[in-house]
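File shown: my_file04.tsv. Contents: TSV, C-alpha atoms.
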```
chain	number	residue	atom	x	y	z
A	21	MET	CA	-39.43	-21.30	-34.98
A	22	ASN	CA	-41.08	-22.37	-31.74
A	23	SER	CA	-42.21	-25.91	-32.56
A	24	PRO	CA	-39.57	-28.45	-33.59
A	25	THR	CA	-40.18	-30.82	-36.45
A	26	ILE	CA	-39.21	-34.36	-37.22
A	27	ARG	CA	-35.99	-35.58	-38.69
A	28	ARG	CA	-37.72	-36.71	-41.87
A	29	GLY	CA	-40.85	-34.95	-43.11
A	30	GLY	CA	-42.59	-32.39	-40.92
A	31	SER	CA	-45.13	-29.66	-41.41
A	32	ALA	CA	-44.81	-27.25	-44.30
A	33	ALA	CA	-44.27	-24.36	-41.92
A	34	ASP	CA	-41.36	-26.03	-40.18
A	35	ARG	CA	-39.78	-28.06	-42.95
A	36	PRO	CA	-36.64	-26.43	-44.41
A	37	ALA	CA	-36.66	-25.75	-48.13
A	38	THR	CA	-33.41	-27.65	-48.50
A	39	ARG	CA	-32.07	-29.99	-45.86
A	40	ARG	CA	-28.34	-29.97	-45.46
A	41	ARG	CA	-26.41	-32.34	-43.25
A	42	SER	CA	-23.17	-30.38	-43.26
A	43	ARG	CA	-20.74	-33.20	-42.89
A	44	LEU	CA	-17.65	-31.61	-44.36
A	45	ARG	CA	-14.64	-33.81	-44.19
A	46	GLY	CA	-11.18	-32.52	-43.40
A	47	LEU	CA	-8.55	-33.49	-45.89
A	48	GLY	CA	-6.22	-34.71	-43.11
A	49	ALA	CA	-3.10	-33.15	-41.72
A	50	VAL	CA	-0.68	-31.66	-44.22
A	51	ALA	CA	2.35	-33.92	-44.50
A	52	ALA	CA	5.57	-32.51	-43.10
A	53	VAL	CA	8.16	-31.69	-45.76
A	54	LEU	CA	11.59	-33.18	-45.13
A	55	VAL	CA	14.36	-30.97	-46.42
A	56	LEU	CA	17.60	-32.78	-47.21
A	57	ALA	CA	20.33	-30.22	-46.64
A	58	ALA	CA	23.06	-31.87	-48.65
A	59	THR	CA	26.20	-29.79	-49.12
A	60	VAL	CA	27.16	-29.53	-52.75
A	61	LEU	CA	30.56	-27.97	-53.55
A	62	GLY	CA	30.89	-25.72	-56.55
A	63	LEU	CA	34.05	-25.15	-58.62
A	64	ALA	CA	35.25	-22.50	-56.15
A	65	GLY	CA	34.64	-24.79	-53.18
A	66	THR	CA	31.71	-22.73	-51.82
A	67	PRO	CA	28.81	-24.80	-50.42
A	68	ARG	CA	25.43	-24.25	-52.06
A	69	ALA	CA	22.84	-22.80	-49.64
A	70	ALA	CA	20.35	-25.35	-48.35
A	71	ALA	CA	16.66	-24.71	-48.88
A	72	ALA	CA	14.83	-23.21	-45.90
A	73	PRO	CA	12.56	-25.74	-44.17
A	74	ALA	CA	8.84	-25.35	-44.80
A	75	HIS	CA	6.55	-24.30	-41.96
A	76	ALA	CA	5.11	-27.37	-40.26
A	77	THR	CA	1.36	-27.37	-39.77
A	78	ARG	CA	-1.31	-29.78	-38.64
A	79	ALA	CA	-4.15	-27.62	-39.91
A	80	GLU	CA	-6.85	-29.75	-41.52
A	81	VAL	CA	-8.42	-27.58	-44.21
A	82	PRO	CA	-11.79	-28.87	-45.44
A	83	ALA	CA	-12.20	-29.55	-49.15
A	84	GLY	CA	-12.91	-26.45	-51.20
A	85	VAL	CA	-11.84	-24.06	-48.45
A	86	THR	CA	-8.97	-21.59	-48.85
A	87	ALA	CA	-7.32	-20.80	-45.52
A	88	GLY	CA	-4.68	-18.56	-43.99
A	89	VAL	CA	-3.63	-19.60	-40.49
A	90	ALA	CA	-1.25	-18.33	-37.82
A	91	VAL	CA	-1.08	-19.55	-34.21
A	92	PHE	CA	1.41	-17.81	-31.92
A	93	ASP	CA	2.34	-19.03	-28.45
A	94	ARG	CA	3.17	-15.94	-26.37
A	95	THR	CA	4.79	-18.05	-23.65
A	96	THR	CA	7.48	-19.49	-25.92
A	97	GLY	CA	7.45	-16.69	-28.50
A	98	THR	CA	7.00	-19.20	-31.34
A	99	PHE	CA	4.43	-20.11	-33.95
A	100	THR	CA	2.83	-23.52	-33.66
A	101	GLU	CA	0.87	-23.17	-36.91
A	102	ARG	CA	1.62	-21.23	-40.08
A	103	LEU	CA	-0.29	-21.84	-43.29
A	104	ASN	CA	-0.55	-19.18	-46.01
A	105	GLU	CA	-0.01	-16.74	-43.16
A	106	ASN	CA	0.79	-13.81	-45.45
A	107	MET	CA	-2.10	-14.38	-47.83
A	108	ARG	CA	-4.45	-11.40	-47.96
A	109	PHE	CA	-8.16	-11.82	-47.31
A	110	ARG	CA	-10.89	-9.22	-47.22
A	111	SER	CA	-11.11	-8.51	-43.53
A	112	ALA	CA	-14.87	-8.27	-43.08
A	113	SER	CA	-15.41	-7.31	-39.42
A	114	VAL	CA	-11.91	-8.20	-38.19
A	115	VAL	CA	-10.88	-4.70	-39.33
A	116	LYS	CA	-12.99	-3.33	-36.47
A	117	LEU	CA	-9.96	-4.01	-34.27
A	118	LEU	CA	-7.98	-1.45	-36.26
A	119	ILE	CA	-10.89	0.99	-36.33
A	120	ALA	CA	-11.12	0.83	-32.53
A	121	LEU	CA	-7.36	1.12	-32.01
A	122	ASP	CA	-7.20	4.14	-34.28
A	123	TYR	CA	-9.97	5.91	-32.40
A	124	LEU	CA	-8.32	5.13	-29.06
A	125	ARG	CA	-4.91	6.24	-30.32
A	126	THR	CA	-5.39	9.71	-28.80
A	127	ARG	CA	-8.09	8.88	-26.25
A	128	ASP	CA	-8.26	7.23	-22.86
A	129	PRO	CA	-11.07	4.64	-22.87
A	130	ARG	CA	-11.70	5.36	-19.18
A	131	THR	CA	-12.89	8.89	-19.97
A	132	LEU	CA	-14.90	8.29	-23.13
A	133	PRO	CA	-18.34	9.91	-23.39
A	134	SER	CA	-21.08	7.37	-22.75
A	135	ALA	CA	-22.27	7.48	-26.37
A	136	ASP	CA	-18.79	6.59	-27.63
A	137	ARG	CA	-18.39	3.83	-25.10
A	138	THR	CA	-21.73	2.33	-26.09
A	139	ARG	CA	-20.80	2.38	-29.79
A	140	LEU	CA	-17.34	0.92	-29.26
A	141	ASP	CA	-18.62	-1.75	-26.87
A	142	SER	CA	-21.20	-2.84	-29.42
A	143	MET	CA	-18.68	-2.81	-32.28
A	144	LEU	CA	-16.20	-5.00	-30.41
A	145	ARG	CA	-18.63	-7.32	-28.63
A	146	SER	CA	-21.44	-7.65	-31.14
A	147	SER	CA	-19.71	-6.61	-34.39
A	148	ASP	CA	-21.99	-3.61	-34.88
A	149	ASP	CA	-21.65	-2.49	-38.51
A	150	GLY	CA	-23.26	0.87	-37.87
A	151	ALA	CA	-20.69	1.69	-35.22
A	152	ALA	CA	-17.86	0.65	-37.56
A	153	SER	CA	-19.19	2.92	-40.33
A	154	TYR	CA	-19.45	5.80	-37.88
A	155	TYR	CA	-15.81	5.55	-36.74
A	156	TRP	CA	-14.55	4.73	-40.24
A	157	GLY	CA	-15.98	7.99	-41.51
A	158	LEU	CA	-14.92	9.94	-38.44
A	159	GLY	CA	-11.33	8.74	-38.83
A	160	GLY	CA	-11.07	9.69	-42.51
A	161	ARG	CA	-11.79	6.22	-43.91
A	162	THR	CA	-8.57	5.01	-45.55
A	163	ALA	CA	-6.53	7.29	-43.27
A	164	VAL	CA	-7.49	4.89	-40.46
A	165	ILE	CA	-5.54	2.13	-42.16
A	166	ASP	CA	-2.64	4.39	-43.14
A	167	ARG	CA	-2.17	5.35	-39.49
A	168	THR	CA	-2.56	1.88	-37.98
A	169	VAL	CA	-0.29	0.21	-40.55
A	170	ALA	CA	2.47	2.67	-39.63
A	171	GLN	CA	1.82	2.47	-35.89
A	172	LEU	CA	1.64	-1.33	-35.64
A	173	GLY	CA	4.21	-2.22	-38.29
A	174	LEU	CA	1.79	-4.21	-40.44
A	175	THR	CA	3.13	-5.60	-43.71
A	176	ASP	CA	0.18	-7.26	-45.47
A	177	THR	CA	-2.65	-4.88	-44.57
A	178	ALA	CA	-4.01	-2.63	-47.31
A	179	ASN	CA	-6.89	-0.25	-47.95
A	180	PRO	CA	-9.96	-1.19	-50.02
A	181	PRO	CA	-9.55	-1.11	-53.81
A	182	ALA	CA	-9.83	2.27	-55.52
A	183	GLY	CA	-13.44	3.31	-55.75
A	184	TYR	CA	-14.43	1.32	-52.66
A	185	GLU	CA	-12.95	3.51	-49.95
A	186	SER	CA	-16.24	3.54	-48.05
A	187	TYR	CA	-16.20	-0.22	-47.61
A	188	TRP	CA	-14.19	-0.91	-44.47
A	189	GLY	CA	-14.92	-4.65	-44.89
A	190	TYR	CA	-12.78	-4.61	-48.04
A	191	VAL	CA	-9.64	-3.73	-46.09
A	192	SER	CA	-7.27	-6.66	-46.64
A	193	LEU	CA	-5.64	-8.49	-43.76
A	194	SER	CA	-3.49	-11.59	-43.34
A	195	ALA	CA	-3.24	-14.08	-40.49
A	196	ALA	CA	0.33	-12.90	-39.83
A	197	ASP	CA	-0.71	-9.24	-39.54
A	198	THR	CA	-3.59	-10.22	-37.28
A	199	VAL	CA	-1.12	-11.82	-34.89
A	200	ARG	CA	0.81	-8.53	-34.97
A	201	ILE	CA	-2.37	-6.63	-34.10
A	202	TYR	CA	-3.04	-8.77	-31.04
A	203	ARG	CA	0.61	-8.63	-29.97
A	204	TYR	CA	0.42	-4.84	-30.16
A	205	VAL	CA	-2.74	-4.76	-28.05
A	206	LEU	CA	-1.34	-7.16	-25.45
A	207	ASP	CA	2.30	-6.06	-25.26
A	208	THR	CA	2.59	-2.46	-26.52
A	209	ALA	CA	-0.67	-0.57	-26.13
A	210	SER	CA	-1.30	1.33	-22.91
A	211	ALA	CA	-2.86	-0.69	-20.10
A	212	PRO	CA	-6.21	1.16	-20.35
A	213	VAL	CA	-6.44	0.45	-24.10
A	214	ARG	CA	-5.34	-3.17	-23.67
A	215	ASP	CA	-7.81	-3.81	-20.87
A	216	TYR	CA	-10.67	-2.08	-22.68
A	217	VAL	CA	-10.20	-3.87	-26.02
A	218	MET	CA	-9.52	-7.32	-24.59
A	219	GLY	CA	-12.25	-6.91	-21.97
A	220	ASN	CA	-14.78	-6.33	-24.73
A	221	LEU	CA	-13.54	-9.25	-26.81
A	222	ARG	CA	-13.90	-11.50	-23.77
A	223	GLN	CA	-17.56	-10.44	-23.63
A	224	SER	CA	-18.30	-11.33	-27.24
A	225	THR	CA	-22.05	-11.90	-27.61
A	226	ARG	CA	-23.28	-15.07	-29.25
A	227	CYS	CA	-25.28	-13.07	-31.79
A	228	GLY	CA	-24.00	-10.11	-33.76
A	229	THR	CA	-26.27	-7.12	-34.22
A	230	ASP	CA	-26.92	-8.27	-37.80
A	231	GLY	CA	-28.35	-11.61	-36.67
A	232	PHE	CA	-25.34	-13.86	-37.26
A	233	ASP	CA	-24.21	-16.38	-34.66
A	234	GLN	CA	-20.58	-15.35	-34.13
A	235	HIS	CA	-19.41	-18.02	-31.70
A	236	PHE	CA	-17.68	-20.22	-34.26
A	237	GLY	CA	-14.00	-21.08	-34.61
A	238	ILE	CA	-12.19	-20.15	-31.40
A	239	ALA	CA	-15.40	-19.65	-29.43
A	240	GLY	CA	-16.85	-22.89	-30.79
A	241	SER	CA	-13.76	-25.03	-30.28
A	242	PHE	CA	-12.28	-24.15	-26.89
A	243	GLU	CA	-13.41	-23.57	-23.34
A	244	ARG	CA	-13.01	-20.13	-21.84
A	245	PRO	CA	-10.92	-18.11	-21.23
A	246	TRP	CA	-10.88	-16.78	-24.76
A	247	ALA	CA	-11.36	-13.42	-26.44
A	248	VAL	CA	-12.56	-13.14	-30.04
A	249	LYS	CA	-13.14	-10.79	-32.93
A	250	GLN	CA	-14.80	-12.57	-35.80
A	251	GLY	CA	-15.56	-11.69	-39.39
A	252	TRP	CA	-18.10	-12.86	-41.98
A	253	SER	CA	-19.08	-11.64	-45.41
A	254	GLY	CA	-21.28	-12.75	-48.29
A	255	PHE	CA	-23.77	-15.03	-46.51
A	256	GLY	CA	-26.97	-13.06	-47.01
A	257	SER	CA	-29.33	-13.08	-44.05
A	258	SER	CA	-29.29	-16.67	-42.71
A	259	GLY	CA	-27.00	-16.30	-39.71
A	260	GLY	CA	-29.14	-18.15	-37.18
A	261	CYS	CA	-29.96	-15.34	-34.73
A	262	THR	CA	-32.67	-12.70	-34.75
A	263	PRO	CA	-31.09	-9.33	-35.67
A	264	LYS	CA	-31.03	-6.68	-32.97
A	265	PRO	CA	-31.24	-2.93	-33.61
A	266	SER	CA	-27.86	-1.30	-34.16
A	267	THR	CA	-26.66	1.11	-31.50
A	268	ALA	CA	-25.25	3.53	-34.07
A	269	VAL	CA	-26.06	5.03	-37.43
A	270	PRO	CA	-27.30	2.35	-39.86
A	271	VAL	CA	-24.70	0.91	-42.20
A	272	ALA	CA	-25.24	2.05	-45.76
A	273	ALA	CA	-27.04	-0.52	-47.86
A	274	ALA	CA	-24.18	-0.46	-50.35
A	275	GLN	CA	-21.78	-1.64	-47.64
A	276	ARG	CA	-23.48	-5.01	-47.75
A	277	SER	CA	-24.20	-5.26	-51.47
A	278	ALA	CA	-21.42	-3.35	-53.19
A	279	PRO	CA	-20.54	-4.52	-56.70
A	280	LEU	CA	-17.48	-6.69	-56.48
A	281	ALA	CA	-14.31	-5.15	-57.81
A	282	ALA	CA	-11.54	-6.94	-59.58
A	283	ALA	CA	-8.65	-6.77	-57.15
A	284	GLY	CA	-5.80	-8.80	-55.74
A	285	VAL	CA	-8.03	-9.82	-52.84
A	286	ASP	CA	-10.99	-12.15	-53.36
A	287	LEU	CA	-14.18	-10.13	-52.88
A	288	THR	CA	-16.54	-12.79	-54.18
A	289	ARG	CA	-16.45	-16.02	-52.20
A	290	GLU	CA	-18.06	-16.29	-48.79
A	291	ALA	CA	-15.55	-15.30	-46.09
A	292	LEU	CA	-15.55	-16.48	-42.47
A	293	HIS	CA	-12.74	-15.56	-40.06
A	294	THR	CA	-12.03	-16.31	-36.42
A	295	THR	CA	-9.36	-14.38	-34.51
A	296	GLY	CA	-8.45	-13.83	-30.89
A	297	THR	CA	-6.67	-15.30	-27.90
A	298	VAL	CA	-7.01	-18.59	-26.05
A	299	GLY	CA	-5.94	-19.69	-22.58
A	300	THR	CA	-5.03	-18.16	-19.26
A	301	GLY	CA	-3.24	-14.85	-19.61
A	302	ASP	CA	-4.12	-14.72	-23.34
A	303	ARG	CA	-1.42	-17.31	-23.87
A	304	THR	CA	-2.00	-18.08	-27.54
A	305	ILE	CA	-3.04	-15.82	-30.42
A	306	VAL	CA	-5.09	-17.57	-33.11
A	307	ALA	CA	-5.90	-16.15	-36.55
A	308	VAL	CA	-7.87	-18.24	-39.06
A	309	PHE	CA	-9.06	-16.64	-42.31
A	310	THR	CA	-11.17	-18.66	-44.75
A	311	LEU	CA	-12.90	-18.42	-48.12
A	312	HIS	CA	-15.60	-20.89	-49.16
A	313	PRO	CA	-17.03	-22.01	-52.50
A	314	ASP	CA	-19.55	-19.55	-53.88
A	315	GLY	CA	-23.01	-20.27	-52.48
A	316	THR	CA	-21.85	-22.05	-49.31
A	317	PRO	CA	-24.53	-21.75	-46.59
A	318	TYR	CA	-23.52	-20.09	-43.34
A	319	GLY	CA	-23.99	-23.26	-41.29
A	320	ALA	CA	-21.71	-25.24	-43.60
A	321	ALA	CA	-18.97	-22.59	-43.44
A	322	TYR	CA	-19.43	-22.32	-39.66
A	323	THR	CA	-18.88	-26.09	-39.37
A	324	ALA	CA	-15.87	-26.03	-41.67
A	325	VAL	CA	-14.17	-23.27	-39.66
A	326	ASN	CA	-14.90	-25.12	-36.43
A	327	ARG	CA	-13.30	-28.29	-37.79
A	328	LEU	CA	-10.27	-26.42	-39.05
A	329	THR	CA	-9.84	-24.58	-35.73
A	330	ARG	CA	-10.19	-27.78	-33.70
A	331	SER	CA	-7.37	-29.36	-35.70
A	332	LEU	CA	-4.84	-26.69	-34.69
A	333	ASP	CA	-2.07	-26.93	-32.12
A	334	VAL	CA	-3.14	-24.23	-29.64
A	335	PRO	CA	-1.04	-24.22	-26.45
A	336	GLY	CA	-3.08	-23.53	-23.33
A	337	ALA	CA	-6.39	-24.42	-24.97
A	338	VAL	CA	-8.93	-26.57	-23.16
A	339	ARG	CA	-11.14	-28.54	-25.52
A	340	PRO	CA	-14.73	-29.25	-24.45
A	341	SER	CA	-15.80	-32.86	-24.02
A	342	GLY	CA	-18.64	-34.37	-25.99
A	343	THR	CA	-19.52	-35.72	-29.42
A	344	TRP	CA	-20.00	-33.67	-32.59
A	345	PHE	CA	-23.13	-34.25	-34.66
A	346	GLY	CA	-24.49	-32.71	-37.82
A	347	THR	CA	-27.90	-31.07	-37.78
A	348	TRP	CA	-30.52	-30.18	-40.35
A	349	GLY	CA	-33.32	-27.69	-40.53
A	350	SER	CA	-33.52	-23.92	-40.26
A	351	GLY	CA	-34.59	-21.86	-37.27
A	352	VAL	CA	-33.82	-24.70	-34.86
A	353	ASN	CA	-34.22	-23.52	-31.28
A	354	VAL	CA	-31.94	-24.10	-28.32
A	355	ARG	CA	-34.01	-24.07	-25.14
A	356	LEU	CA	-33.32	-23.76	-21.44
A	357	ARG	CA	-35.03	-27.06	-20.67
A	358	PRO	CA	-35.85	-30.17	-22.78
A	359	ALA	CA	-39.27	-28.91	-23.74
A	360	THR	CA	-41.04	-26.49	-26.06
A	361	VAL	CA	-43.63	-25.42	-23.48
A	362	ASP	CA	-42.61	-23.07	-20.66
A	363	SER	CA	-38.96	-23.38	-21.68
A	364	ALA	CA	-37.16	-20.22	-22.68
A	365	ARG	CA	-35.61	-20.07	-26.13
A	366	LEU	CA	-31.93	-19.23	-25.68
A	367	THR	CA	-31.00	-18.87	-29.34
A	368	THR	CA	-31.42	-20.49	-32.73
A	369	LEU	CA	-28.85	-22.49	-34.66
A	370	PRO	CA	-27.43	-21.58	-38.04
A	371	ALA	CA	-29.05	-23.92	-40.56
A	372	GLY	CA	-27.21	-27.21	-40.91
A	373	VAL	CA	-24.48	-26.44	-38.37
A	374	GLU	CA	-22.52	-29.13	-36.52
A	375	VAL	CA	-23.04	-29.10	-32.73
A	376	LEU	CA	-21.26	-30.56	-29.69
A	377	VAL	CA	-23.45	-32.80	-27.52
A	378	SER	CA	-22.31	-33.67	-23.99
A	379	CYS	CA	-25.35	-35.66	-22.83
A	380	GLN	CA	-28.99	-36.34	-23.64
A	381	LYS	CA	-32.18	-36.36	-21.62
A	382	LEU	CA	-35.77	-37.49	-21.90
A	383	GLY	CA	-38.12	-34.53	-21.99
A	384	GLU	CA	-41.21	-33.35	-23.79
A	385	ALA	CA	-42.20	-35.69	-26.60
A	386	VAL	CA	-42.10	-33.93	-29.93
A	387	SER	CA	-44.49	-35.49	-32.39
A	388	VAL	CA	-45.34	-34.97	-36.03
A	389	PRO	CA	-47.11	-38.13	-37.22
A	390	PRO	CA	-45.86	-40.69	-37.81
A	391	TYR	CA	-42.71	-39.69	-35.90
A	392	THR	CA	-42.30	-39.03	-32.20
A	393	ASN	CA	-39.13	-38.34	-30.19
A	394	ALA	CA	-38.80	-37.44	-26.52
A	395	TRP	CA	-34.99	-37.25	-26.41
A	396	TRP	CA	-33.19	-33.92	-26.20
A	397	ALA	CA	-29.49	-33.20	-26.60
A	398	TYR	CA	-27.65	-30.87	-24.24
A	399	LEU	CA	-25.32	-28.45	-26.06
A	400	PRO	CA	-22.75	-27.21	-23.52
A	401	GLN	CA	-21.54	-24.38	-25.73
A	402	TYR	CA	-25.07	-23.01	-25.96
A	403	GLY	CA	-26.08	-23.84	-22.39
A	404	GLY	CA	-29.33	-25.46	-23.46
A	405	TYR	CA	-31.15	-28.30	-25.20
A	406	MET	CA	-32.26	-29.06	-28.73
A	407	THR	CA	-34.65	-31.82	-29.73
A	408	ASN	CA	-32.88	-34.85	-31.19
A	409	ILE	CA	-35.24	-34.71	-34.17
A	410	TYR	CA	-32.96	-32.12	-35.77
A	411	ILE	CA	-29.78	-34.14	-35.23
A	412	SER	CA	-28.48	-36.15	-38.17
A	413	SER	CA	-28.65	-39.60	-36.56
A	414	PRO	CA	-30.87	-42.54	-37.53
A	415	GLU	CA	-32.10	-43.29	-34.00
A	416	ASN	CA	-34.08	-41.22	-31.54
A	417	ARG	CA	-31.42	-41.77	-28.87
A	418	LEU	CA	-27.98	-40.64	-29.95
A	419	PRO	CA	-25.39	-43.44	-30.01
A	420	GLY	CA	-22.46	-43.14	-27.63
A	421	VAL	CA	-23.89	-40.13	-25.76
A	422	PRO	CA	-24.51	-40.57	-22.01
A	423	ASP	CA	-27.69	-39.55	-20.20
A	424	CYS	CA	-27.56	-36.19	-18.44
A	425	ALA	CA	-27.06	-36.57	-14.69
A	426	SER	CA	-30.03	-34.40	-13.80
```

Could I get this file's structure written as structure tokens?
Amino acid sequence: MNSPTIRRGGSAADRPATRRRSRLRGLGAVAAVLVLAATVLGLAGTPRAAAAPAHATRAEVPAGVTAGVAVFDRTTGTFTERLNENMRFRSASVVKLLIALDYLRTRDPRTLPSADRTRLDSMLRSSDDGAASYYWGLGGRTAVIDRTVAQLGLTDTANPPAGYESYWGYVSLSAADTVRIYRYVLDTASAPVRDYVMGNLRQSTRCGTDGFDQHFGIAGSFERPWAVKQGWSGFGSSGGCTPKPSTAVPVAAAQRSAPLAAAGVDLTREALHTTGTVGTGDRTIVAVFTLHPDGTPYGAAYTAVNRLTRSLDVPGAVRPSGTWFGTWGSGVNVRLRPATVDSARLTTLPAGVEVLVSCQKLGEAVSVPPYTNAWWAYLPQYGGYMTNIYISSPENRLPGVPDCAS
């Protein structure tokens, strides 16, 4: 919407049906398990084997969220985070990595026809579902997974349940296998394939072609350089952005609303995944898969994944400075300048999402009687301003946030 509203009240056209303040709390870091390797001698004098130490993790998983996490430091060749790393999740759009790799298995991306390049670019950068359906069908659907599992040495990846072979989003993946996928792209694939895939992921667009803001998790927690392929499923049509026309054949309606099958992988709860690399030279591979309680709004899940991702030990990551605040309202605009008039709209926020504020500035006064507020918050990760009216804070001027220099 073009005209912001007040923090409490507002016009009927602008007031959200349900205001959510999205202040999910992390449960705190998982306590490290101390294994006492005492040697116990049996009758034959053979020591009993000590239990293997548990994987240490500092991942803070918000209440109600199920998560699978793997963080791999390519510089040291070690994992810094491992939590349910072999648990299978429905992949949603993360499987588009495998769809692209399978198509490029016998092709040089430098010589692709322009139509193919356009489709693949859109699939990798903007998570184009139509493009994914096109290549899924072209590759023989489940045969795509059969080939890539064998080629990449994946151990947890599996095809959709029987009867759902058309639904590429039902391919199951784990955080551990996702790390293997990125290691293959970075260390084994040909240079043209590596450069093409990673180059597209580095150009991830804020909005997917289906109208969902896809710069959560890795993209929402760390400064560039990063490269991401995200996944989301089950959130309806409230993703924050205005949908753009697909560059390929439309995805079948059933792909979005298929009846949910009983299977070993949860196909019911809302899923939100962030995967990719962080740091100079793609130093660290990050894979975070999450499931949320049924009915969770997109903005709440977006915030939960951001909080979880920010809690991780990610070598080489640079964390942006600022203060995180909850927001409320739907269709909240981010603008180029602190004004609604003659100020370009850059994007809209997912309803109720948490945002990072680096500074605030006096601008156009926004008024809906009896409330008026002239303060605007600068959101560095969006490159623009939002009126403070939509920020969950009792005062017009945000506490602890400095004024913008100019």

Could you give me, as a list of chain:residue names, the residues within 9 Å of A:Arg200, counting only C-alpha atoms and dropping anything in the same chain fewer than 5 positions from it? A:Leu172, A:Gly173, A:Leu174, A:Ala195, A:Val205

Exercise: residues within 10 Å of coordinate (-19.8, -23.7, -47.4), counting all atoms listed in the file, as a tab-separated table (two decimals) with C-alpha atoms, in the coordinates of the input:
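The file below, out_17.tsv, is the result:
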```
chain	number	residue	atom	x	y	z
A	42	SER	CA	-23.17	-30.38	-43.26
A	44	LEU	CA	-17.65	-31.61	-44.36
A	82	PRO	CA	-11.79	-28.87	-45.44
A	83	ALA	CA	-12.20	-29.55	-49.15
A	84	GLY	CA	-12.91	-26.45	-51.20
A	85	VAL	CA	-11.84	-24.06	-48.45
A	255	PHE	CA	-23.77	-15.03	-46.51
A	289	ARG	CA	-16.45	-16.02	-52.20
A	290	GLU	CA	-18.06	-16.29	-48.79
A	291	ALA	CA	-15.55	-15.30	-46.09
A	292	LEU	CA	-15.55	-16.48	-42.47
A	311	LEU	CA	-12.90	-18.42	-48.12
A	312	HIS	CA	-15.60	-20.89	-49.16
A	313	PRO	CA	-17.03	-22.01	-52.50
A	314	ASP	CA	-19.55	-19.55	-53.88
A	315	GLY	CA	-23.01	-20.27	-52.48
A	316	THR	CA	-21.85	-22.05	-49.31
A	317	PRO	CA	-24.53	-21.75	-46.59
A	318	TYR	CA	-23.52	-20.09	-43.34
A	319	GLY	CA	-23.99	-23.26	-41.29
A	320	ALA	CA	-21.71	-25.24	-43.60
A	321	ALA	CA	-18.97	-22.59	-43.44
A	322	TYR	CA	-19.43	-22.32	-39.66
A	323	THR	CA	-18.88	-26.09	-39.37
A	324	ALA	CA	-15.87	-26.03	-41.67
A	325	VAL	CA	-14.17	-23.27	-39.66
```

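Coordinates place atom CA of A:Ile411 at a distance of 20.1 Å from atom CA of A:Ala364.
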
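For the pair atom CA of A:Asn416 and atom CA of A:Asn393, the interatomic distance is 6.0 Å.
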
Could you give me, as a list in words, the residues that sit within 10 Å of (-15.9, -24.2, -32.8) in the file's coordinates, counting all atoms listed in the file?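 Neighbouring residues, ordered by chain and number, come to His235, Phe236, Gly237, Ile238, Ala239, Gly240, Ser241, Phe242, Glu243, Thr294, Tyr322, Thr323, Ala324, Val325, Asn326, Arg327, Leu328, Thr329, Arg330, Arg339, Pro340, Glu374, Val375, Leu376 and Gln401 of chain A.
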
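With distances restricted to all atoms listed in the file, A:Thr310 is the closest residue to A:Trp252 from A:Thr347, A:Thr297, A:Gln223, A:Thr310.
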
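Ranking A:Trp348, A:Tyr154, A:Tyr187, A:Tyr123 by their shortest atom-to-atom distance to A:Val213, with only C-alpha atoms included, puts A:Tyr123 first.
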